[in-house]
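I have placed the structure first, in the form of structure tokens, so that the comments after it can refer back to it.
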Amino acid sequence: MSKQELAVLGQDDENGACCPGLVTAQLDDGQAAELARLFKALGDPVRLRLLSMIASRTGGEVCVCDLTPAFELSQPTISHHLKQLRQAGLIDCERRGTWVYYWALPATLDRLAAFLKTSQASAATE
């Protein structure tokens, strides 16, 4: 697999779970690699802020013209970060005229949340 190719996300197993939670089972190599790509995309503060801005937007989508002014970065740098989020499967986009509109992909965000979620029993023992 080249560095530009990413696996399709959201492939559930036969039990309807994409991957085990952090405290319920150990990850296999494939699951760990897939989740690492997601966390790597979120490992940059700009990308994390961009995802937050997109996911929290009323109406579910935001124009790139509304994202760029929030940062002291050039437009190509913002586009690069958005591309990284898109390639990781965290957001998607659509061009409308001269502008591009972005929205979060809830299934991928739910997978991350499910992985990080701890059970009440294990949290109570700490």
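For the structure tokens, the naming scheme is as follows: chains receive sequential letters (A, B, ...) according to their order of presentation, residues are indexed from 1 within each chain, and ligands are indexed from 1 in presentation order.
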Can you tell me, as an mmCIF file with N, CA, C and O atoms, in the first residue's frame, what residues are no more than 12 Å from Thr58 (chain A) when counting only C-alpha atoms, ignoring any on the same chain fewer than 5 positions away?
data_model
loop_
_atom_site.group_PDB
_atom_site.id
_atom_site.type_symbol
_atom_site.label_atom_id
_atom_site.label_comp_id
_atom_site.auth_asym_id
_atom_site.auth_seq_id
_atom_site.Cartn_x
_atom_site.Cartn_y
_atom_site.Cartn_z
ATOM 1 N N SER A 52 -13.224 19.841 14.626
ATOM 2 C CA SER A 52 -14.150 20.371 15.617
ATOM 3 C C SER A 52 -15.063 21.429 15.010
ATOM 4 O O SER A 52 -16.274 21.442 15.254
ATOM 5 N N MET A 53 -14.488 22.322 14.216
ATOM 6 C CA MET A 53 -15.284 23.374 13.577
ATOM 7 C C MET A 53 -16.305 22.788 12.609
ATOM 8 O O MET A 53 -17.445 23.239 12.541
ATOM 9 N N CYS A 63 -18.516 25.815 4.709
ATOM 10 C CA CYS A 63 -17.767 26.210 3.527
ATOM 11 C C CYS A 63 -16.319 26.481 3.911
ATOM 12 O O CYS A 63 -16.049 27.020 4.994
ATOM 13 N N TRP A 103 -18.223 18.298 5.576
ATOM 14 C CA TRP A 103 -19.044 17.776 6.664
ATOM 15 C C TRP A 103 -18.317 16.595 7.298
ATOM 16 O O TRP A 103 -17.506 15.931 6.660
ATOM 17 N N ALA A 104 -18.594 16.371 8.570
ATOM 18 C CA ALA A 104 -17.991 15.254 9.302
ATOM 19 C C ALA A 104 -18.712 13.962 8.937
ATOM 20 O O ALA A 104 -19.892 13.976 8.570
#
Per residue of region 65-106 of chain A within 10 Å of region 23-41 of chain A, note the shortest atom pair and the distance in Å to one decimal, counting only C-alpha atoms, and order the rows by chain and increasing residue number, as a tab-separated table.
residue	atom	partner	partner_atom	distance
A:His81	CA	A:Ala41	CA	8.6
A:Leu82	CA	A:Ala41	CA	9.8
A:Lys83	CA	A:Ala41	CA	9.9
A:Gln84	CA	A:Ala41	CA	6.3
A:Leu85	CA	A:Ala41	CA	6.0
A:Arg86	CA	A:Ala41	CA	9.2
A:Gln87	CA	A:Ala41	CA	8.7
A:Ala88	CA	A:Leu38	CA	5.7
A:Gly89	CA	A:Leu38	CA	7.8
A:Leu90	CA	A:Leu38	CA	7.6
Output C-alpha atoms of each residue in that selection to a file, as a PDB file, in the first residue's frame.
ATOM      1  CA  HIS A  81      -4.947  19.687   6.450  1.00  0.00           C
ATOM      2  CA  LEU A  82      -8.464  19.208   5.079  1.00  0.00           C
ATOM      3  CA  LYS A  83      -7.096  16.696   2.568  1.00  0.00           C
ATOM      4  CA  GLN A  84      -5.479  14.731   5.401  1.00  0.00           C
ATOM      5  CA  LEU A  85      -8.796  14.603   7.285  1.00  0.00           C
ATOM      6  CA  ARG A  86     -10.580  13.533   4.091  1.00  0.00           C
ATOM      7  CA  GLN A  87      -8.072  10.781   3.336  1.00  0.00           C
ATOM      8  CA  ALA A  88      -8.441   9.451   6.872  1.00  0.00           C
ATOM      9  CA  GLY A  89     -12.201   9.208   6.363  1.00  0.00           C
ATOM     10  CA  LEU A  90     -13.092  11.739   9.039  1.00  0.00           C
TER      11      LEU A  90
END
Smallest atom-to-atom distance to Glu94 (chain A): which of A:Thr77, A:Leu116, A:Leu67, A:Val62, using only C-alpha atoms?
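Selected residue with least distance to Glu94 (chain A): A:Val62.
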Enter the distance from CA of Cys65 (chain A) to CA of Thr98 (chain A), in Å, rounded to one decimal.
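Distance reported for this atom pair: 10.0 Å.
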Could you tell me which of A:Asp66, A:Glu61, A:Asp110, A:Glu72 comes closest to Asp92 (chain A) if we count only C-alpha atoms?
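Among the listed residues, A:Glu61 lies closest to Asp92 (chain A).
Here the question is which of A:Asp44, A:His80, A:Val64, A:Ala55 gets nearest to Arg95 (chain A) using only C-alpha atoms, and that residue is A:Val64.
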If DSSP is run on the backbone, what residues of region 13-107 of chain A are strand (DSSP E or B)? A reply as a VMD selection string would be ideal.
chain A and resid 62 to 63 91 to 96 99 to 104
Dump C-alpha atoms for the selected residues as a PDB file, in the first residue's frame?
ATOM      1  CA  VAL A  62     -19.283  24.354   6.452  1.00  0.00           C
ATOM      2  CA  CYS A  63     -17.767  26.210   3.527  1.00  0.00           C
ATOM      3  CA  ILE A  91     -14.722  14.284   6.722  1.00  0.00           C
ATOM      4  CA  ASP A  92     -16.059  14.479   3.196  1.00  0.00           C
ATOM      5  CA  CYS A  93     -16.642  17.367   0.836  1.00  0.00           C
ATOM      6  CA  GLU A  94     -18.436  18.611  -2.248  1.00  0.00           C
ATOM      7  CA  ARG A  95     -17.508  21.414  -4.633  1.00  0.00           C
ATOM      8  CA  ARG A  96     -20.314  23.905  -5.308  1.00  0.00           C
ATOM      9  CA  TRP A  99     -16.369  26.859  -2.966  1.00  0.00           C
ATOM     10  CA  VAL A 100     -15.937  23.499  -1.288  1.00  0.00           C
ATOM     11  CA  TYR A 101     -18.268  22.438   1.527  1.00  0.00           C
ATOM     12  CA  TYR A 102     -17.166  19.987   4.225  1.00  0.00           C
ATOM     13  CA  TRP A 103     -19.044  17.776   6.664  1.00  0.00           C
ATOM     14  CA  ALA A 104     -17.991  15.254   9.302  1.00  0.00           C
TER      15      ALA A 104
END
Looking at only C-alpha atoms, which of A:Ser79, A:Gly60, A:Ala107, A:Lys117 is the one that sits closest to Val46 (chain A)?
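Residue with the minimum atom-to-atom distance to Val46 (chain A): A:Ser79.
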May I ask for the distance between CA of Leu42 (chain A) and CA of Leu109 (chain A), given in Å to one decimal place?
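So the answer is 11.2 Å.
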Select, from A:Ser56, A:Leu105, A:Pro45, A:Leu50, the residue with the minimum atom-to-atom distance to Thr68 (chain A), counting only C-alpha atoms.
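Nearest to Thr68 (chain A): A:Leu50.
Computed from the coordinates, the CA of Phe71 (chain A) to CA of Arg47 (chain A) distance equals 11.1 Å.
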